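Novice: Below is the structure I would like to discuss, written out as structure tokens.
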Amino acid sequence: MSDVPSAVVEVAANAQTVAESSGSVWPYVVGGIALVVAAGFWGYKLVSRPTFIIKQIRRRNLKAMKKEGIESSEATNDLDRLLTAIEEHAVSNKMSGADMIKLLAPLNDQNRMKSARDMYLTMQHIAREVGNTRLAGEFKGKSSGVKSSSKLMAGLFKRAGI
């Protein structure tokens, strides 16, 4: 006699039959990979939109300004107006996120921004580049009247890494 009960032998035989009849797993693997690639492509398209990038920049700037205690300052409002103008320009010209970031590149140039006046002149340059001459004129007027020794400008320079 055998030590293995007959019920175990029957279960093992049935389990082997089920495993053999289930087919290949490769269609599931290929389908999973295709799903991950499609989700990655969709995510990249979402992240590369100008509206998403501007929203992230605003959130990061607001967080830094709150940390400095100057979130309701005139310079913050001016930067927000510039970002709105850039976003409108990028959406109307159907620019990608990378093309729009090239418009903002002068604001990240530490060699170019030595004082508060330089910051406003850079913002004026960007406003002209996107075709908003009214905003560029406002920034030109503010560039001559801004004090570089104020707490606001010190916070903005700290934010810019200067």
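To be explicit about the labels: the chains of the structure tokens are called A, B, and onward in the order shown, and within each one the residues are counted from 1, while ligands get numbers from 1 in the order they are shown.
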Can you list, as a PyMOL selection string, all residues belonging to stretch 63-127 of chain A that DSSP tags as alpha helix (DSSP H)?

Specialist: chain A and resi 63-68+74-92+97-104+116-127

Novice: Neighbours of stretch 79-83 of chain A within 8 Å (only C-alpha atoms; same-chain residues fewer than 4 positions away dropped), as a list in words?

Specialist: Ile54, Arg58, Ala75, Glu87, Met123, Ala127 and Leu135 of chain A

Novice: Applying 12 Å and only C-alpha atoms, which residues near A:Ala90 remain after dropping the ones on its own chain fewer than 3 positions away? List them as an mmCIF file with all heavy atoms, in the first residue's frame.

Specialist:
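Below is the file around-v9.cif, written as the result:
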```cif
data_model
loop_
_atom_site.group_PDB
_atom_site.id
_atom_site.type_symbol
_atom_site.label_atom_id
_atom_site.label_comp_id
_atom_site.auth_asym_id
_atom_site.auth_seq_id
_atom_site.Cartn_x
_atom_site.Cartn_y
_atom_site.Cartn_z
ATOM 1 N N SER A 48 4.259 67.866 -19.741
ATOM 2 C CA SER A 48 4.925 68.749 -20.684
ATOM 3 C C SER A 48 4.038 69.881 -21.180
ATOM 4 O O SER A 48 4.435 70.627 -22.059
ATOM 5 C CB SER A 48 5.419 67.925 -21.882
ATOM 6 O OG SER A 48 6.131 68.748 -22.767
ATOM 7 N N ARG A 49 2.861 70.058 -20.601
ATOM 8 C CA ARG A 49 1.983 71.156 -21.011
ATOM 9 C C ARG A 49 2.397 72.436 -20.294
ATOM 10 O O ARG A 49 2.756 72.398 -19.109
ATOM 11 C CB ARG A 49 0.528 70.839 -20.688
ATOM 12 C CG ARG A 49 -0.049 69.758 -21.538
ATOM 13 C CD ARG A 49 -1.500 69.587 -21.272
ATOM 14 N NE ARG A 49 -1.784 69.796 -19.844
ATOM 15 C CZ ARG A 49 -2.888 69.451 -19.256
ATOM 16 N NH1 ARG A 49 -3.839 68.889 -19.931
ATOM 17 N NH2 ARG A 49 -3.066 69.663 -17.972
ATOM 18 N N PRO A 50 2.326 73.579 -20.972
ATOM 19 C CA PRO A 50 2.700 74.842 -20.326
ATOM 20 C C PRO A 50 1.863 75.169 -19.090
ATOM 21 O O PRO A 50 2.398 75.691 -18.107
ATOM 22 C CB PRO A 50 2.473 75.888 -21.423
ATOM 23 C CG PRO A 50 2.569 75.144 -22.695
ATOM 24 C CD PRO A 50 2.060 73.761 -22.399
ATOM 25 N N THR A 51 0.586 74.858 -19.103
ATOM 26 C CA THR A 51 -0.258 75.183 -17.950
ATOM 27 C C THR A 51 0.190 74.412 -16.711
ATOM 28 O O THR A 51 0.192 74.956 -15.606
ATOM 29 C CB THR A 51 -1.735 74.878 -18.241
ATOM 30 O OG1 THR A 51 -1.860 73.539 -18.688
ATOM 31 C CG2 THR A 51 -2.276 75.801 -19.302
ATOM 32 N N PHE A 52 0.577 73.159 -16.884
ATOM 33 C CA PHE A 52 1.043 72.351 -15.753
ATOM 34 C C PHE A 52 2.354 72.908 -15.206
ATOM 35 O O PHE A 52 2.534 73.023 -13.991
ATOM 36 C CB PHE A 52 1.217 70.891 -16.180
ATOM 37 C CG PHE A 52 1.680 69.994 -15.078
ATOM 38 C CD1 PHE A 52 0.781 69.518 -14.139
ATOM 39 C CD2 PHE A 52 3.011 69.630 -14.971
ATOM 40 C CE1 PHE A 52 1.204 68.692 -13.111
ATOM 41 C CE2 PHE A 52 3.449 68.811 -13.947
ATOM 42 C CZ PHE A 52 2.534 68.342 -13.016
ATOM 43 N N ILE A 53 3.260 73.284 -16.085
ATOM 44 C CA ILE A 53 4.563 73.791 -15.654
ATOM 45 C C ILE A 53 4.402 75.124 -14.926
ATOM 46 O O ILE A 53 5.013 75.343 -13.871
ATOM 47 C CB ILE A 53 5.514 73.922 -16.861
ATOM 48 C CG1 ILE A 53 5.833 72.524 -17.403
ATOM 49 C CG2 ILE A 53 6.787 74.653 -16.480
ATOM 50 C CD1 ILE A 53 6.601 72.522 -18.690
ATOM 51 N N ILE A 54 3.551 76.016 -15.450
ATOM 52 C CA ILE A 54 3.324 77.307 -14.803
ATOM 53 C C ILE A 54 2.706 77.100 -13.424
ATOM 54 O O ILE A 54 3.073 77.776 -12.449
ATOM 55 C CB ILE A 54 2.439 78.211 -15.676
ATOM 56 C CG1 ILE A 54 3.186 78.629 -16.939
ATOM 57 C CG2 ILE A 54 1.950 79.432 -14.911
ATOM 58 C CD1 ILE A 54 4.330 79.579 -16.725
ATOM 59 N N LEU A 83 4.047 85.385 -15.348
ATOM 60 C CA LEU A 83 3.781 83.968 -15.611
ATOM 61 C C LEU A 83 2.463 83.785 -16.351
ATOM 62 O O LEU A 83 2.346 82.932 -17.239
ATOM 63 C CB LEU A 83 3.782 83.179 -14.307
ATOM 64 C CG LEU A 83 5.139 83.002 -13.628
ATOM 65 C CD1 LEU A 83 4.980 82.322 -12.283
ATOM 66 C CD2 LEU A 83 6.095 82.237 -14.509
ATOM 67 N N THR A 84 1.454 84.594 -16.022
ATOM 68 C CA THR A 84 0.174 84.527 -16.727
ATOM 69 C C THR A 84 0.352 84.920 -18.191
ATOM 70 O O THR A 84 -0.203 84.269 -19.086
ATOM 71 C CB THR A 84 -0.858 85.447 -16.042
ATOM 72 O OG1 THR A 84 -1.005 85.029 -14.690
ATOM 73 C CG2 THR A 84 -2.195 85.387 -16.746
ATOM 74 N N ALA A 85 1.124 85.972 -18.451
ATOM 75 C CA ALA A 85 1.375 86.396 -19.834
ATOM 76 C C ALA A 85 2.128 85.325 -20.614
ATOM 77 O O ALA A 85 1.818 85.063 -21.785
ATOM 78 C CB ALA A 85 2.154 87.705 -19.842
ATOM 79 N N ILE A 86 3.095 84.688 -19.972
ATOM 80 C CA ILE A 86 3.857 83.629 -20.635
ATOM 81 C C ILE A 86 2.949 82.437 -20.933
ATOM 82 O O ILE A 86 3.015 81.846 -22.011
ATOM 83 C CB ILE A 86 5.063 83.210 -19.775
ATOM 84 C CG1 ILE A 86 6.094 84.317 -19.749
ATOM 85 C CG2 ILE A 86 5.686 81.924 -20.290
ATOM 86 C CD1 ILE A 86 7.221 84.082 -18.773
ATOM 87 N N GLU A 87 2.100 82.087 -19.970
ATOM 88 C CA GLU A 87 1.179 80.961 -20.175
ATOM 89 C C GLU A 87 0.222 81.234 -21.333
ATOM 90 O O GLU A 87 0.008 80.369 -22.181
ATOM 91 C CB GLU A 87 0.396 80.707 -18.894
ATOM 92 C CG GLU A 87 -0.572 79.547 -18.986
ATOM 93 C CD GLU A 87 -1.324 79.329 -17.698
ATOM 94 O OE1 GLU A 87 -1.198 80.130 -16.758
ATOM 95 O OE2 GLU A 87 -2.069 78.338 -17.646
ATOM 96 N N ASN A 93 0.220 79.979 -28.942
ATOM 97 C CA ASN A 93 1.162 79.556 -29.989
ATOM 98 C C ASN A 93 1.403 78.050 -29.994
ATOM 99 O O ASN A 93 2.276 77.576 -30.711
ATOM 100 C CB ASN A 93 2.489 80.290 -29.828
ATOM 101 C CG ASN A 93 2.361 81.749 -30.141
ATOM 102 O OD1 ASN A 93 1.477 82.162 -30.868
ATOM 103 N ND2 ASN A 93 3.243 82.548 -29.583
ATOM 104 N N LYS A 94 0.679 77.319 -29.158
ATOM 105 C CA LYS A 94 0.780 75.856 -29.062
ATOM 106 C C LYS A 94 2.222 75.402 -28.837
ATOM 107 O O LYS A 94 2.722 74.490 -29.489
ATOM 108 C CB LYS A 94 0.188 75.194 -30.299
ATOM 109 C CG LYS A 94 -1.289 75.462 -30.435
ATOM 110 C CD LYS A 94 -1.875 74.814 -31.661
ATOM 111 C CE LYS A 94 -3.356 75.115 -31.676
ATOM 112 N NZ LYS A 94 -3.914 75.232 -32.950
ATOM 113 N N MET A 95 2.869 76.055 -27.878
ATOM 114 C CA MET A 95 4.243 75.714 -27.537
ATOM 115 C C MET A 95 4.258 74.511 -26.607
ATOM 116 O O MET A 95 3.315 74.285 -25.855
ATOM 117 C CB MET A 95 4.928 76.897 -26.848
ATOM 118 C CG MET A 95 5.038 78.134 -27.701
ATOM 119 S SD MET A 95 5.665 79.543 -26.772
ATOM 120 C CE MET A 95 7.396 79.159 -26.712
ATOM 121 N N SER A 96 5.345 73.774 -26.652
ATOM 122 C CA SER A 96 5.511 72.677 -25.700
ATOM 123 C C SER A 96 6.073 73.245 -24.404
ATOM 124 O O SER A 96 6.466 74.411 -24.332
ATOM 125 C CB SER A 96 6.456 71.622 -26.272
ATOM 126 O OG SER A 96 7.769 72.133 -26.335
ATOM 127 N N GLY A 97 6.113 72.416 -23.392
ATOM 128 C CA GLY A 97 6.637 72.860 -22.110
ATOM 129 C C GLY A 97 8.109 73.235 -22.188
ATOM 130 O O GLY A 97 8.548 74.195 -21.562
ATOM 131 N N ALA A 98 8.891 72.498 -22.966
ATOM 132 C CA ALA A 98 10.322 72.785 -23.096
ATOM 133 C C ALA A 98 10.553 74.123 -23.794
ATOM 134 O O ALA A 98 11.462 74.873 -23.420
ATOM 135 C CB ALA A 98 11.005 71.666 -23.870
ATOM 136 N N ASP A 99 9.738 74.435 -24.800
ATOM 137 C CA ASP A 99 9.870 75.719 -25.480
ATOM 138 C C ASP A 99 9.508 76.872 -24.551
ATOM 139 O O ASP A 99 10.125 77.935 -24.594
ATOM 140 C CB ASP A 99 8.974 75.763 -26.720
ATOM 141 C CG ASP A 99 9.421 74.782 -27.785
ATOM 142 O OD1 ASP A 99 10.618 74.426 -27.799
ATOM 143 O OD2 ASP A 99 8.576 74.371 -28.605
ATOM 144 N N MET A 100 8.503 76.658 -23.720
ATOM 145 C CA MET A 100 8.085 77.698 -22.796
ATOM 146 C C MET A 100 9.152 77.935 -21.723
ATOM 147 O O MET A 100 9.384 79.067 -21.307
ATOM 148 C CB MET A 100 6.765 77.323 -22.131
ATOM 149 C CG MET A 100 6.187 78.451 -21.321
ATOM 150 S SD MET A 100 5.128 77.887 -20.019
ATOM 151 C CE MET A 100 6.207 76.889 -19.049
ATOM 152 N N ILE A 101 9.812 76.887 -21.292
ATOM 153 C CA ILE A 101 10.869 77.020 -20.275
ATOM 154 C C ILE A 101 12.020 77.870 -20.811
ATOM 155 O O ILE A 101 12.658 78.600 -20.058
ATOM 156 C CB ILE A 101 11.364 75.625 -19.840
ATOM 157 C CG1 ILE A 101 10.294 74.915 -19.036
ATOM 158 C CG2 ILE A 101 12.646 75.705 -19.046
ATOM 159 C CD1 ILE A 101 9.984 75.541 -17.709
ATOM 160 N N LYS A 102 12.259 77.825 -22.121
ATOM 161 C CA LYS A 102 13.314 78.655 -22.708
ATOM 162 C C LYS A 102 13.000 80.134 -22.546
ATOM 163 O O LYS A 102 13.909 80.957 -22.460
ATOM 164 C CB LYS A 102 13.495 78.313 -24.185
ATOM 165 C CG LYS A 102 14.102 76.953 -24.409
ATOM 166 C CD LYS A 102 14.181 76.618 -25.874
ATOM 167 C CE LYS A 102 14.648 75.186 -26.064
ATOM 168 N NZ LYS A 102 14.578 74.767 -27.473
ATOM 169 N N LEU A 103 11.710 80.484 -22.508
ATOM 170 C CA LEU A 103 11.338 81.879 -22.274
ATOM 171 C C LEU A 103 11.696 82.329 -20.855
ATOM 172 O O LEU A 103 12.019 83.484 -20.632
ATOM 173 C CB LEU A 103 9.827 82.072 -22.495
ATOM 174 C CG LEU A 103 9.309 81.909 -23.914
ATOM 175 C CD1 LEU A 103 7.791 81.960 -23.917
ATOM 176 C CD2 LEU A 103 9.884 82.972 -24.822
ATOM 177 N N LEU A 104 11.629 81.412 -19.911
ATOM 178 C CA LEU A 104 11.912 81.732 -18.506
ATOM 179 C C LEU A 104 13.397 81.636 -18.148
ATOM 180 O O LEU A 104 13.775 81.958 -17.027
ATOM 181 C CB LEU A 104 11.125 80.797 -17.592
ATOM 182 C CG LEU A 104 9.622 81.017 -17.546
ATOM 183 C CD1 LEU A 104 8.939 79.877 -16.817
ATOM 184 C CD2 LEU A 104 9.310 82.332 -16.900
ATOM 185 N N GLU A 129 9.351 89.807 -25.144
ATOM 186 C CA GLU A 129 9.552 88.606 -25.964
ATOM 187 C C GLU A 129 8.239 87.871 -26.218
ATOM 188 O O GLU A 129 8.045 87.289 -27.278
ATOM 189 C CB GLU A 129 10.555 87.688 -25.266
ATOM 190 C CG GLU A 129 11.244 86.720 -26.193
ATOM 191 C CD GLU A 129 12.383 86.020 -25.479
ATOM 192 O OE1 GLU A 129 13.252 86.705 -24.913
ATOM 193 O OE2 GLU A 129 12.391 84.775 -25.499
ATOM 194 N N VAL A 130 7.329 87.902 -25.251
ATOM 195 C CA VAL A 130 6.037 87.234 -25.440
ATOM 196 C C VAL A 130 5.012 88.161 -26.074
ATOM 197 O O VAL A 130 3.878 87.747 -26.324
ATOM 198 C CB VAL A 130 5.479 86.644 -24.123
ATOM 199 C CG1 VAL A 130 6.402 85.595 -23.576
ATOM 200 C CG2 VAL A 130 5.175 87.708 -23.108
ATOM 201 N N GLY A 131 5.386 89.414 -26.329
ATOM 202 C CA GLY A 131 4.513 90.327 -27.046
ATOM 203 C C GLY A 131 3.589 91.153 -26.167
ATOM 204 O O GLY A 131 2.628 91.733 -26.662
#
```

Novice: For a quick check of understanding, using only C-alpha atoms, which of A:Phe139, A:Tyr44, A:Leu121, A:Gln110 has the smallest distance to A:Glu74?

Specialist: A:Phe139

Novice: What is the atom CA of A:Gly69-atom CA of A:Glu88 distance in Å, reported with one decimal?

Specialist: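 Those two atoms sit 28.7 Å apart.
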
Novice: Which residue is closest to A:Ala116? Choose from A:Lys45, A:Ser143, A:Ser24, A:Val29 and count only C-alpha atoms.

Specialist: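 Selected residue with least distance to A:Ala116: A:Ser143.
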